Protein chains: 2
Amino acid sequence: MTGIVQTKRLLSYRMALLRLKKMGLKKAYSHTLSEETGVSAVLIRKDFSQCGIRGKRRGGYDVDYLLDELKKLFGREKEQNVVLVGLGNIGSALIKYEGYRQSNMNLVAAFDIDPAKRTRRYSVPVYSLENLREVADAFDVSVAILAVPEFSAQETAHYMVENGIRGILNFAPVLLKLPGHVLVNNINIMVEMERLMYHIGIREK
Amino acid sequence: MTGIVQTKRLLSYRMALLRLKKMGLKKAYSHTLSEETGVSAVLIRKDFSQCGIRGKRRGGYDVDYLLDELKKLFGREKEQNVVLVGLGNIGSALIKYEGYRQSNMNLVAAFDIDPAKRTRRYSVPVYSLENLREVADAFDVSVAILAVPEFSAQETAHYMVENGIRGILNFAPVLLKLPGHVLVNNINIMVEMERLMYHIGIREK
DNA sequence: TAATAAATGTGAAATTTGTAACAATAAAAT
DNA sequence: ATTTTATTGTTACAAATTTCACATTTATTA
């Protein structure tokens, strides 16, 4: 069977469309989106087609319609509450980030082991991880961002899962070993940096 | 033709191996690495095989040998100098990050448009972007991290390329339109978060 | 209104990626 | 020394992904 559409691509279309809409465009063509996302125009059409999203021949796609359809696919009706665990370098960046809303998410709390970090400096409260269960229950949180140091990532993740977390965006450079029902999405910034350098090196030759 | 090995995977093997080595292991089996990286053992063996890396049947792979071979593939002999452009949330996290060395990189300077950010607070100097050429020449920098806001990303990237940058790790959620010789690697944290939520949603059903 | 041009939509082909099965080998056990 | 077991290495296969070619439709122009 062909064609399990990659969510990453659809999400990148959505992002591009939001940009285009902000610029006032009403119509989008597959080749427009191709320029914006780097995905080939045919593939974009095929993705849409497979998701039941139709355009008009020669007329392109209606931007609002596309965004609506993508929202049907991705838009959780309810805004999702998320928490952040670890206020090191990356964690401190993410607690200050203000774009969660745009993705229909809401950061409701952060956690850190260091009491000194548990100040009111930020726009959300910072607790000890012991309070995770409480917060998760109160705000119906099942997804968390994990931004603790490598050495404590596994243990922390385990604790999080024990207290209601079912999805983790993991910035620690380790494969978390967790029960099968837990979903993990890894972001490894240094690996991405090395990839870039590697490919630059190749080009030189 | 089959089998262009994904650099991402090889880099994840390398990371796992560094961890295992730190734990004192001398030998690694494909299934060990599989547990550490989440990649299937067969594929790991195939990847190694395709890169000319050989183990001993029933004896597994020698950790130091593996790391050496991976270093031959990825290790730039010279340490590579990199710069950071933009000291917002993410940029501030990355200027404080201390793991560049481990990947044989060296952050030599950062740049921000806001003079208030150009303090000596950090372990590397912060300049106006006008000084990029100068720094790039002096330190032979061709790779940069771009962590400016979305609206200025394209313009900034363009300027960077005009001043010697050939590789960009881009945190802004836009596809940069740059000359063909420039390599860009995108990291879009919110897309990754949405992917996670989407897949969690699917599971619920 | 006819002709032309510019878009979508899609089945088939090509490519890429991953898995399965199993041969080959070396270590360990008997 | 022989047998068993665990591991690599490889070939053939399967699945997934992407591109190609082109039919189809719709807008525009002459």
# chains A, B, ... in the order shown; residues from 1 in each chain; ligands from 1
>>> residues_around(residues="His31 (chain A)", least_positions_apart="5", cutoff="10 Å", atoms="only C-alpha atoms (C1' of nucleotides)", output="number ranges by chain")
A: 36-42, 44-45, 60; C: 7
>>> calpha_fit_and_write(fixed="chain A", moving="chain B", output="PDB file with C-alpha atoms, in the first residue's frame")
ATOM      1  CA  MET B   1       0.296  -0.175   0.075  1.00  0.00           C
ATOM      2  CA  THR B   2       1.613   3.219  -0.865  1.00  0.00           C
ATOM      3  CA  GLY B   3       1.430   6.582   0.690  1.00  0.00           C
ATOM      4  CA  ILE B   4       1.414   7.107   4.405  1.00  0.00           C
ATOM      5  CA  VAL B   5       1.744  10.840   4.389  1.00  0.00           C
ATOM      6  CA  GLN B   6       4.470  12.149   6.607  1.00  0.00           C
ATOM      7  CA  THR B   7       3.013  14.345   9.298  1.00  0.00           C
ATOM      8  CA  LYS B   8       6.158  16.432   9.264  1.00  0.00           C
ATOM      9  CA  ARG B   9       5.411  17.495   5.718  1.00  0.00           C
ATOM     10  CA  LEU B  10       1.788  18.290   6.382  1.00  0.00           C
ATOM     11  CA  LEU B  11       2.796  20.372   9.361  1.00  0.00           C
ATOM     12  CA  SER B  12       5.273  22.271   7.232  1.00  0.00           C
ATOM     13  CA  TYR B  13       2.521  22.975   4.703  1.00  0.00           C
ATOM     14  CA  ARG B  14       0.402  24.291   7.500  1.00  0.00           C
ATOM     15  CA  MET B  15       3.171  26.589   8.685  1.00  0.00           C
ATOM     16  CA  ALA B  16       3.780  27.907   5.208  1.00  0.00           C
ATOM     17  CA  LEU B  17       0.062  28.476   4.739  1.00  0.00           C
ATOM     18  CA  LEU B  18      -0.164  30.468   7.941  1.00  0.00           C
ATOM     19  CA  ARG B  19       2.638  32.661   6.648  1.00  0.00           C
ATOM     20  CA  LEU B  20       1.011  33.064   3.250  1.00  0.00           C
ATOM     21  CA  LYS B  21      -2.314  33.892   4.826  1.00  0.00           C
ATOM     22  CA  LYS B  22      -0.703  36.512   7.004  1.00  0.00           C
ATOM     23  CA  MET B  23       0.650  38.019   3.786  1.00  0.00           C
ATOM     24  CA  GLY B  24      -2.888  38.249   2.479  1.00  0.00           C
ATOM     25  CA  LEU B  25      -2.937  35.383  -0.014  1.00  0.00           C
ATOM     26  CA  LYS B  26      -6.260  33.678  -0.639  1.00  0.00           C
ATOM     27  CA  LYS B  27      -5.112  31.049  -3.110  1.00  0.00           C
ATOM     28  CA  ALA B  28      -2.149  28.717  -2.986  1.00  0.00           C
ATOM     29  CA  TYR B  29      -0.759  26.558  -5.772  1.00  0.00           C
ATOM     30  CA  SER B  30       1.202  23.430  -5.208  1.00  0.00           C
ATOM     31  CA  HIS B  31       4.238  25.139  -6.654  1.00  0.00           C
ATOM     32  CA  THR B  32       3.806  28.081  -4.282  1.00  0.00           C
ATOM     33  CA  LEU B  33       3.868  25.712  -1.359  1.00  0.00           C
ATOM     34  CA  SER B  34       6.753  23.903  -2.927  1.00  0.00           C
ATOM     35  CA  GLU B  35       8.813  27.082  -2.886  1.00  0.00           C
ATOM     36  CA  GLU B  36       7.878  27.736   0.703  1.00  0.00           C
ATOM     37  CA  THR B  37       8.535  24.264   2.014  1.00  0.00           C
ATOM     38  CA  GLY B  38      11.091  22.739  -0.315  1.00  0.00           C
ATOM     39  CA  VAL B  39       8.821  19.769  -1.012  1.00  0.00           C
ATOM     40  CA  SER B  40       8.179  18.982  -4.666  1.00  0.00           C
ATOM     41  CA  ALA B  41       4.881  20.206  -6.060  1.00  0.00           C
ATOM     42  CA  VAL B  42       3.775  16.731  -7.163  1.00  0.00           C
ATOM     43  CA  LEU B  43       4.319  15.328  -3.734  1.00  0.00           C
ATOM     44  CA  ILE B  44       2.359  18.141  -2.166  1.00  0.00           C
ATOM     45  CA  ARG B  45      -0.576  17.448  -4.472  1.00  0.00           C
ATOM     46  CA  LYS B  46      -0.288  13.781  -3.740  1.00  0.00           C
ATOM     47  CA  ASP B  47      -0.221  14.390  -0.009  1.00  0.00           C
ATOM     48  CA  PHE B  48      -3.319  16.539  -0.199  1.00  0.00           C
ATOM     49  CA  SER B  49      -5.051  14.082  -2.455  1.00  0.00           C
ATOM     50  CA  GLN B  50      -4.357  11.246  -0.055  1.00  0.00           C
ATOM     51  CA  CYS B  51      -5.784  13.251   2.793  1.00  0.00           C
ATOM     52  CA  GLY B  52      -8.946  13.931   0.852  1.00  0.00           C
ATOM     53  CA  ILE B  53      -8.022  17.564   0.304  1.00  0.00           C
ATOM     54  CA  ARG B  54      -9.040  18.783  -3.143  1.00  0.00           C
ATOM     55  CA  GLY B  55      -8.121  21.834  -5.145  1.00  0.00           C
ATOM     56  CA  LYS B  56      -9.531  23.274  -8.346  1.00  0.00           C
ATOM     57  CA  ARG B  57      -7.817  22.369 -11.565  1.00  0.00           C
ATOM     58  CA  ARG B  58      -6.075  25.435 -12.737  1.00  0.00           C
ATOM     59  CA  GLY B  59      -7.568  27.264  -9.767  1.00  0.00           C
ATOM     60  CA  GLY B  60      -5.190  26.014  -7.110  1.00  0.00           C
ATOM     61  CA  TYR B  61      -6.151  25.540  -3.487  1.00  0.00           C
ATOM     62  CA  ASP B  62      -8.073  27.885  -1.287  1.00  0.00           C
ATOM     63  CA  VAL B  63      -5.868  28.888   1.626  1.00  0.00           C
ATOM     64  CA  ASP B  64      -8.614  28.960   4.226  1.00  0.00           C
ATOM     65  CA  TYR B  65      -9.975  25.648   3.053  1.00  0.00           C
ATOM     66  CA  LEU B  66      -6.531  24.071   3.254  1.00  0.00           C
ATOM     67  CA  LEU B  67      -5.978  25.405   6.735  1.00  0.00           C
ATOM     68  CA  ASP B  68      -9.382  24.131   7.787  1.00  0.00           C
ATOM     69  CA  GLU B  69      -8.701  20.679   6.436  1.00  0.00           C
ATOM     70  CA  LEU B  70      -5.275  20.570   8.065  1.00  0.00           C
ATOM     71  CA  LYS B  71      -6.854  21.699  11.274  1.00  0.00           C
ATOM     72  CA  LYS B  72      -9.278  18.797  11.017  1.00  0.00           C
ATOM     73  CA  LEU B  73      -6.291  16.502  10.743  1.00  0.00           C
ATOM     74  CA  PHE B  74      -4.082  18.069  13.385  1.00  0.00           C
ATOM     75  CA  GLY B  75      -6.174  20.465  15.335  1.00  0.00           C
ATOM     76  CA  ARG B  76      -7.005  19.121  18.693  1.00  0.00           C
ATOM     77  CA  GLU B  77     -10.213  20.951  19.506  1.00  0.00           C
ATOM     78  CA  LYS B  78      -9.247  21.517  23.083  1.00  0.00           C
ATOM     79  CA  GLU B  79      -6.068  23.439  23.698  1.00  0.00           C
ATOM     80  CA  GLN B  80      -3.525  21.004  25.082  1.00  0.00           C
ATOM     81  CA  ASN B  81      -1.723  21.765  28.274  1.00  0.00           C
ATOM     82  CA  VAL B  82       1.942  20.824  28.427  1.00  0.00           C
ATOM     83  CA  VAL B  83       4.679  21.013  31.021  1.00  0.00           C
ATOM     84  CA  LEU B  84       8.399  21.554  30.865  1.00  0.00           C
ATOM     85  CA  VAL B  85      10.857  19.559  32.932  1.00  0.00           C
ATOM     86  CA  GLY B  86      14.335  20.959  33.436  1.00  0.00           C
ATOM     87  CA  LEU B  87      15.357  24.611  33.436  1.00  0.00           C
ATOM     88  CA  GLY B  88      18.881  24.433  32.150  1.00  0.00           C
ATOM     89  CA  ASN B  89      19.943  26.177  28.977  1.00  0.00           C
ATOM     90  CA  ILE B  90      17.308  24.766  26.684  1.00  0.00           C
ATOM     91  CA  GLY B  91      14.615  24.665  29.334  1.00  0.00           C
ATOM     92  CA  SER B  92      15.090  28.336  30.143  1.00  0.00           C
ATOM     93  CA  ALA B  93      14.691  29.127  26.471  1.00  0.00           C
ATOM     94  CA  LEU B  94      11.510  27.105  26.188  1.00  0.00           C
ATOM     95  CA  ILE B  95       9.865  28.531  29.292  1.00  0.00           C
ATOM     96  CA  LYS B  96      10.223  31.999  27.789  1.00  0.00           C
ATOM     97  CA  TYR B  97       9.012  30.949  24.368  1.00  0.00           C
ATOM     98  CA  GLU B  98       5.694  32.538  23.497  1.00  0.00           C
ATOM     99  CA  GLY B  99       4.555  30.610  20.468  1.00  0.00           C
ATOM    100  CA  TYR B 100       2.785  27.684  22.138  1.00  0.00           C
ATOM    101  CA  ARG B 101      -0.579  29.328  21.602  1.00  0.00           C
ATOM    102  CA  GLN B 102      -0.147  29.398  17.859  1.00  0.00           C
ATOM    103  CA  SER B 103       0.071  25.617  17.932  1.00  0.00           C
ATOM    104  CA  ASN B 104      -2.924  25.385  20.238  1.00  0.00           C
ATOM    105  CA  MET B 105      -0.774  24.440  23.198  1.00  0.00           C
ATOM    106  CA  ASN B 106      -0.457  25.978  26.593  1.00  0.00           C
ATOM    107  CA  LEU B 107       2.551  25.677  28.859  1.00  0.00           C
ATOM    108  CA  VAL B 108       1.104  25.435  32.351  1.00  0.00           C
ATOM    109  CA  ALA B 109       4.103  24.715  34.543  1.00  0.00           C
ATOM    110  CA  ALA B 110       7.771  23.900  34.672  1.00  0.00           C
ATOM    111  CA  PHE B 111       9.741  21.693  37.031  1.00  0.00           C
ATOM    112  CA  ASP B 112      13.298  21.782  38.228  1.00  0.00           C
ATOM    113  CA  ILE B 113      15.255  19.975  40.883  1.00  0.00           C
ATOM    114  CA  ASP B 114      17.058  23.145  41.887  1.00  0.00           C
ATOM    115  CA  PRO B 115      15.005  25.238  44.354  1.00  0.00           C
ATOM    116  CA  ALA B 116      16.849  28.350  43.190  1.00  0.00           C
ATOM    117  CA  LYS B 117      15.165  27.957  39.824  1.00  0.00           C
ATOM    118  CA  ARG B 118      11.756  27.801  41.379  1.00  0.00           C
ATOM    119  CA  THR B 119      11.126  31.529  41.269  1.00  0.00           C
ATOM    120  CA  ARG B 120       8.250  33.615  40.024  1.00  0.00           C
ATOM    121  CA  ARG B 121      10.473  35.157  37.405  1.00  0.00           C
ATOM    122  CA  TYR B 122       8.641  33.342  34.638  1.00  0.00           C
ATOM    123  CA  SER B 123       5.154  33.527  33.279  1.00  0.00           C
ATOM    124  CA  VAL B 124       4.403  30.015  34.541  1.00  0.00           C
ATOM    125  CA  PRO B 125       5.106  28.565  37.986  1.00  0.00           C
ATOM    126  CA  VAL B 126       8.122  26.336  38.575  1.00  0.00           C
ATOM    127  CA  TYR B 127       7.767  23.409  40.952  1.00  0.00           C
ATOM    128  CA  SER B 128       9.652  20.472  42.285  1.00  0.00           C
ATOM    129  CA  LEU B 129       9.084  17.369  40.229  1.00  0.00           C
ATOM    130  CA  GLU B 130       7.277  15.851  43.187  1.00  0.00           C
ATOM    131  CA  ASN B 131       4.360  18.065  42.277  1.00  0.00           C
ATOM    132  CA  LEU B 132       4.084  16.706  38.775  1.00  0.00           C
ATOM    133  CA  ARG B 133       1.206  14.325  39.471  1.00  0.00           C
ATOM    134  CA  GLU B 134      -0.755  17.079  41.093  1.00  0.00           C
ATOM    135  CA  VAL B 135      -0.239  19.488  38.207  1.00  0.00           C
ATOM    136  CA  ALA B 136      -0.783  16.811  35.578  1.00  0.00           C
ATOM    137  CA  ASP B 137      -4.086  15.856  37.159  1.00  0.00           C
ATOM    138  CA  ALA B 138      -5.244  19.407  37.678  1.00  0.00           C
ATOM    139  CA  PHE B 139      -4.476  20.505  34.129  1.00  0.00           C
ATOM    140  CA  ASP B 140      -4.990  17.231  32.340  1.00  0.00           C
ATOM    141  CA  VAL B 141      -1.420  17.198  31.071  1.00  0.00           C
ATOM    142  CA  SER B 142      -0.164  14.176  29.189  1.00  0.00           C
ATOM    143  CA  VAL B 143       2.663  15.684  27.146  1.00  0.00           C
ATOM    144  CA  ALA B 144       5.915  17.110  28.448  1.00  0.00           C
ATOM    145  CA  ILE B 145       9.117  18.642  27.215  1.00  0.00           C
ATOM    146  CA  LEU B 146      12.165  17.013  28.758  1.00  0.00           C
ATOM    147  CA  ALA B 147      15.203  19.279  28.957  1.00  0.00           C
ATOM    148  CA  VAL B 148      17.281  17.857  31.766  1.00  0.00           C
ATOM    149  CA  PRO B 149      20.948  16.845  31.540  1.00  0.00           C
ATOM    150  CA  GLU B 150      21.798  13.587  29.865  1.00  0.00           C
ATOM    151  CA  PHE B 151      22.709  11.757  33.045  1.00  0.00           C
ATOM    152  CA  SER B 152      19.323  12.230  34.656  1.00  0.00           C
ATOM    153  CA  ALA B 153      17.148  11.987  31.574  1.00  0.00           C
ATOM    154  CA  GLN B 154      16.250   8.315  31.837  1.00  0.00           C
ATOM    155  CA  GLU B 155      15.369   8.451  35.503  1.00  0.00           C
ATOM    156  CA  THR B 156      13.417  11.665  35.133  1.00  0.00           C
ATOM    157  CA  ALA B 157      11.505  10.360  32.143  1.00  0.00           C
ATOM    158  CA  HIS B 158      10.625   7.241  34.050  1.00  0.00           C
ATOM    159  CA  TYR B 159       9.283   9.273  36.913  1.00  0.00           C
ATOM    160  CA  MET B 160       7.293  11.443  34.537  1.00  0.00           C
ATOM    161  CA  VAL B 161       5.676   8.433  32.953  1.00  0.00           C
ATOM    162  CA  GLU B 162       4.792   7.053  36.360  1.00  0.00           C
ATOM    163  CA  ASN B 163       2.974  10.287  36.982  1.00  0.00           C
ATOM    164  CA  GLY B 164       0.790  10.513  33.972  1.00  0.00           C
ATOM    165  CA  ILE B 165       2.990  11.632  31.080  1.00  0.00           C
ATOM    166  CA  ARG B 166       2.408   9.733  27.841  1.00  0.00           C
ATOM    167  CA  GLY B 167       4.327  11.849  25.356  1.00  0.00           C
ATOM    168  CA  ILE B 168       7.785  13.378  25.665  1.00  0.00           C
ATOM    169  CA  LEU B 169       9.686  15.815  23.502  1.00  0.00           C
ATOM    170  CA  ASN B 170      13.175  14.810  24.516  1.00  0.00           C
ATOM    171  CA  PHE B 171      16.170  17.114  24.189  1.00  0.00           C
ATOM    172  CA  ALA B 172      18.572  14.841  26.044  1.00  0.00           C
ATOM    173  CA  PRO B 173      20.875  12.898  23.743  1.00  0.00           C
ATOM    174  CA  VAL B 174      19.781   9.467  24.927  1.00  0.00           C
ATOM    175  CA  LEU B 175      17.220   6.964  23.797  1.00  0.00           C
ATOM    176  CA  LEU B 176      14.731   6.828  26.609  1.00  0.00           C
ATOM    177  CA  LYS B 177      13.695   3.338  27.606  1.00  0.00           C
ATOM    178  CA  LEU B 178      10.072   3.602  28.505  1.00  0.00           C
ATOM    179  CA  PRO B 179       6.916   1.490  28.412  1.00  0.00           C
ATOM    180  CA  GLY B 180       5.499   0.872  24.979  1.00  0.00           C
ATOM    181  CA  HIS B 181       2.522   3.151  25.399  1.00  0.00           C
ATOM    182  CA  VAL B 182       4.748   6.207  25.787  1.00  0.00           C
ATOM    183  CA  LEU B 183       5.661   8.215  22.705  1.00  0.00           C
ATOM    184  CA  VAL B 184       8.978  10.004  22.510  1.00  0.00           C
ATOM    185  CA  ASN B 185      10.135  12.497  19.947  1.00  0.00           C
ATOM    186  CA  ASN B 186      13.838  13.242  20.094  1.00  0.00           C
ATOM    187  CA  ILE B 187      15.584  16.458  19.178  1.00  0.00           C
ATOM    188  CA  ASN B 188      19.338  16.267  19.221  1.00  0.00           C
ATOM    189  CA  ILE B 189      20.784  19.608  18.349  1.00  0.00           C
ATOM    190  CA  MET B 190      24.400  18.502  18.240  1.00  0.00           C
ATOM    191  CA  VAL B 191      23.620  15.627  15.885  1.00  0.00           C
ATOM    192  CA  GLU B 192      21.972  18.105  13.553  1.00  0.00           C
ATOM    193  CA  MET B 193      25.006  20.341  13.752  1.00  0.00           C
ATOM    194  CA  GLU B 194      27.327  17.458  12.967  1.00  0.00           C
ATOM    195  CA  ARG B 195      25.187  16.410  10.040  1.00  0.00           C
ATOM    196  CA  LEU B 196      25.485  19.871   8.637  1.00  0.00           C
ATOM    197  CA  MET B 197      29.249  19.893   9.011  1.00  0.00           C
ATOM    198  CA  TYR B 198      29.574  16.466   7.505  1.00  0.00           C
ATOM    199  CA  HIS B 199      27.674  17.448   4.399  1.00  0.00           C
ATOM    200  CA  ILE B 200      29.630  20.646   4.081  1.00  0.00           C
ATOM    201  CA  GLY B 201      32.780  18.586   4.226  1.00  0.00           C
ATOM    202  CA  ILE B 202      31.531  16.302   1.481  1.00  0.00           C
ATOM    203  CA  ARG B 203      30.781  19.247  -0.774  1.00  0.00           C
ATOM    204  CA  GLU B 204      34.286  20.550  -0.486  1.00  0.00           C
ATOM    205  CA  LYS B 205      35.597  17.492  -2.266  1.00  0.00           C
TER     206      LYS B 205
END
>>> select_by_dssp(residues="region 90-201 of chain B", states="strand (DSSP E)", output="short mmCIF file (atom, residue, chain, number, x, y, z; two decimals) with all heavy atoms, in the first residue's frame")
data_model
loop_
_atom_site.label_atom_id
_atom_site.label_comp_id
_atom_site.auth_asym_id
_atom_site.auth_seq_id
_atom_site.Cartn_x
_atom_site.Cartn_y
_atom_site.Cartn_z
N MET B 105 33.76 21.00 17.75
CA MET B 105 33.41 22.33 17.28
C MET B 105 33.79 23.34 18.34
O MET B 105 33.95 23.01 19.50
CB MET B 105 31.90 22.45 17.08
CG MET B 105 31.36 21.68 15.93
SD MET B 105 29.57 21.84 15.94
CE MET B 105 29.12 20.15 15.67
N ASN B 106 33.84 24.58 17.92
CA ASN B 106 34.24 25.64 18.81
C ASN B 106 33.43 26.89 18.49
O ASN B 106 33.55 27.43 17.40
CB ASN B 106 35.74 25.89 18.60
CG ASN B 106 36.28 26.87 19.60
OD1 ASN B 106 35.74 26.99 20.70
ND2 ASN B 106 37.32 27.58 19.21
N LEU B 107 32.62 27.31 19.42
CA LEU B 107 31.85 28.54 19.20
C LEU B 107 32.77 29.71 19.46
O LEU B 107 33.30 29.87 20.57
CB LEU B 107 30.65 28.57 20.16
CG LEU B 107 29.72 29.78 20.00
CD1 LEU B 107 28.98 29.72 18.68
CD2 LEU B 107 28.72 29.84 21.15
N VAL B 108 32.99 30.54 18.44
CA VAL B 108 33.97 31.62 18.60
C VAL B 108 33.35 32.99 18.81
O VAL B 108 34.00 33.89 19.33
CB VAL B 108 34.95 31.69 17.41
CG1 VAL B 108 35.83 30.46 17.36
CG2 VAL B 108 34.22 31.88 16.08
N ALA B 109 32.09 33.15 18.39
CA ALA B 109 31.48 34.47 18.58
C ALA B 109 29.98 34.36 18.39
O ALA B 109 29.49 33.42 17.77
CB ALA B 109 32.05 35.48 17.60
N ALA B 110 29.29 35.37 18.90
CA ALA B 110 27.85 35.46 18.64
C ALA B 110 27.56 36.87 18.13
O ALA B 110 28.39 37.77 18.27
CB ALA B 110 27.06 35.17 19.91
N PHE B 111 26.40 37.01 17.52
CA PHE B 111 26.03 38.30 16.94
C PHE B 111 24.59 38.60 17.30
O PHE B 111 23.73 37.72 17.27
CB PHE B 111 26.18 38.25 15.41
CG PHE B 111 27.58 37.96 14.98
CD1 PHE B 111 28.04 36.65 14.85
CD2 PHE B 111 28.45 39.01 14.72
CE1 PHE B 111 29.34 36.39 14.47
CE2 PHE B 111 29.76 38.75 14.34
CZ PHE B 111 30.21 37.44 14.22
N VAL B 126 30.19 38.99 21.85
CA VAL B 126 28.98 39.23 21.06
C VAL B 126 29.16 40.53 20.28
O VAL B 126 29.48 41.56 20.86
CB VAL B 126 27.74 39.34 21.96
CG1 VAL B 126 26.49 39.49 21.12
CG2 VAL B 126 27.63 38.13 22.88
N TYR B 127 28.97 40.43 18.96
CA TYR B 127 29.19 41.59 18.11
C TYR B 127 27.94 41.98 17.36
O TYR B 127 26.93 41.27 17.36
CB TYR B 127 30.27 41.27 17.06
CG TYR B 127 31.58 40.82 17.61
CD1 TYR B 127 32.02 39.52 17.44
CD2 TYR B 127 32.42 41.72 18.27
CE1 TYR B 127 33.25 39.09 17.92
CE2 TYR B 127 33.65 41.30 18.76
CZ TYR B 127 34.05 40.00 18.59
OH TYR B 127 35.27 39.59 19.07
N VAL B 143 30.33 27.90 9.06
CA VAL B 143 29.06 27.35 9.53
C VAL B 143 28.51 28.20 10.68
O VAL B 143 29.27 28.60 11.56
CB VAL B 143 29.24 25.90 10.00
CG1 VAL B 143 28.00 25.39 10.71
CG2 VAL B 143 29.58 25.01 8.82
N ALA B 144 27.21 28.45 10.64
CA ALA B 144 26.61 29.29 11.67
C ALA B 144 25.29 28.71 12.15
O ALA B 144 24.61 28.00 11.42
CB ALA B 144 26.38 30.69 11.12
N ILE B 145 24.97 29.06 13.37
CA ILE B 145 23.65 28.75 13.92
C ILE B 145 22.80 30.01 13.79
O ILE B 145 23.23 31.09 14.21
CB ILE B 145 23.76 28.34 15.40
CG1 ILE B 145 24.66 27.13 15.54
CG2 ILE B 145 22.38 28.07 15.97
CD1 ILE B 145 25.02 26.79 16.98
N LEU B 146 21.62 29.86 13.22
CA LEU B 146 20.75 31.01 13.03
C LEU B 146 19.57 30.90 13.99
O LEU B 146 18.75 29.98 13.89
CB LEU B 146 20.25 31.07 11.59
CG LEU B 146 19.30 32.20 11.23
CD1 LEU B 146 19.94 33.56 11.47
CD2 LEU B 146 18.85 32.09 9.77
N GLY B 167 27.05 27.15 5.58
CA GLY B 167 26.19 26.16 6.21
C GLY B 167 25.45 26.79 7.37
O GLY B 167 26.04 27.54 8.16
N ILE B 168 24.15 26.54 7.47
CA ILE B 168 23.34 27.17 8.50
C ILE B 168 22.48 26.14 9.22
O ILE B 168 21.77 25.37 8.59
CB ILE B 168 22.42 28.25 7.89
CG1 ILE B 168 23.25 29.36 7.24
CG2 ILE B 168 21.46 28.82 8.93
CD1 ILE B 168 22.43 30.43 6.56
N LEU B 169 22.57 26.15 10.54
CA LEU B 169 21.61 25.39 11.34
C LEU B 169 20.51 26.36 11.71
O LEU B 169 20.72 27.28 12.51
CB LEU B 169 22.27 24.82 12.59
CG LEU B 169 21.40 23.88 13.41
CD1 LEU B 169 21.11 22.60 12.63
CD2 LEU B 169 22.06 23.53 14.73
N ASN B 170 19.35 26.19 11.11
CA ASN B 170 18.31 27.21 11.17
C ASN B 170 17.18 26.85 12.14
O ASN B 170 16.49 25.87 11.95
CB ASN B 170 17.72 27.40 9.77
CG ASN B 170 16.52 28.30 9.77
OD1 ASN B 170 16.47 29.28 10.50
ND2 ASN B 170 15.53 27.96 8.94
N LEU B 183 24.23 25.15 2.40
CA LEU B 183 23.48 24.05 3.01
C LEU B 183 22.74 24.54 4.25
O LEU B 183 23.31 25.26 5.06
CB LEU B 183 24.44 22.94 3.44
CG LEU B 183 24.81 21.92 2.38
CD1 LEU B 183 25.85 20.97 2.93
CD2 LEU B 183 23.57 21.16 1.96
N VAL B 184 21.50 24.13 4.37
CA VAL B 184 20.71 24.53 5.53
C VAL B 184 20.15 23.28 6.20
O VAL B 184 19.67 22.37 5.53
CB VAL B 184 19.55 25.45 5.12
CG1 VAL B 184 18.73 25.85 6.34
CG2 VAL B 184 20.06 26.68 4.40
N ASN B 185 20.22 23.25 7.49
CA ASN B 185 19.60 22.18 8.25
C ASN B 185 18.60 22.84 9.20
O ASN B 185 18.98 23.69 9.99
CB ASN B 185 20.66 21.39 9.02
CG ASN B 185 20.12 20.10 9.55
OD1 ASN B 185 18.94 19.80 9.39
ND2 ASN B 185 20.97 19.32 10.20
N ASN B 186 17.34 22.46 9.07
CA ASN B 186 16.30 23.13 9.84
C ASN B 186 15.92 22.35 11.09
O ASN B 186 15.76 21.14 11.04
CB ASN B 186 15.05 23.28 8.97
CG ASN B 186 15.30 24.17 7.78
OD1 ASN B 186 15.53 25.37 7.91
ND2 ASN B 186 15.30 23.57 6.60
#
>>> closest_atom_pairs(of="chain C", to="chain A", cutoff="9 Å", atoms="only C-alpha atoms (C1' of nucleotides)", output="JSON lines")
{"residue": "C:DA6", "atom": "C1'", "partner": "A:Arg58", "partner_atom": "CA", "distance": 5.5}
{"residue": "C:DA7", "atom": "C1'", "partner": "A:Arg58", "partner_atom": "CA", "distance": 3.2}
{"residue": "C:DT8", "atom": "C1'", "partner": "A:Arg57", "partner_atom": "CA", "distance": 4.4}
{"residue": "C:DG9", "atom": "C1'", "partner": "A:Ser49", "partner_atom": "CA", "distance": 7.4}
{"residue": "C:DT10", "atom": "C1'", "partner": "A:Lys46", "partner_atom": "CA", "distance": 8.4}
>>> residues_around(residues="DT30 (chain C)", least_positions_apart="4", cutoff="12 Å", atoms="only C-alpha atoms (C1' of nucleotides)", output="list in words")
DA1, DT2, DT3 and DT4 of chain D
>>> atom_distance(atom1="C1' of DT26 (chain D)", atom2="C1' of DA13 (chain C)")
28.7 Å
>>> closest_atom_pairs(of="chain D", to="chain A", cutoff="10 Å", atoms="only C-alpha atoms (C1' of nucleotides)", output="Markdown table")
| residue | atom | partner | partner_atom | distance |
| --- | --- | --- | --- | --- |
| D:DA15 | C1' | A:Met1 | CA | 8.1 |
| D:DA16 | C1' | A:Thr2 | CA | 6.7 |
| D:DT17 | C1' | A:Gly3 | CA | 7.5 |
| D:DT18 | C1' | A:Leu43 | CA | 7.3 |
| D:DT19 | C1' | A:Val42 | CA | 8.1 |
| D:DC20 | C1' | A:Val42 | CA | 9.9 |
| D:DT24 | C1' | A:Arg57 | CA | 8.3 |
| D:DT25 | C1' | A:Arg57 | CA | 5.2 |
| D:DT26 | C1' | A:Arg58 | CA | 5.4 |
| D:DA27 | C1' | A:Arg58 | CA | 6.6 |
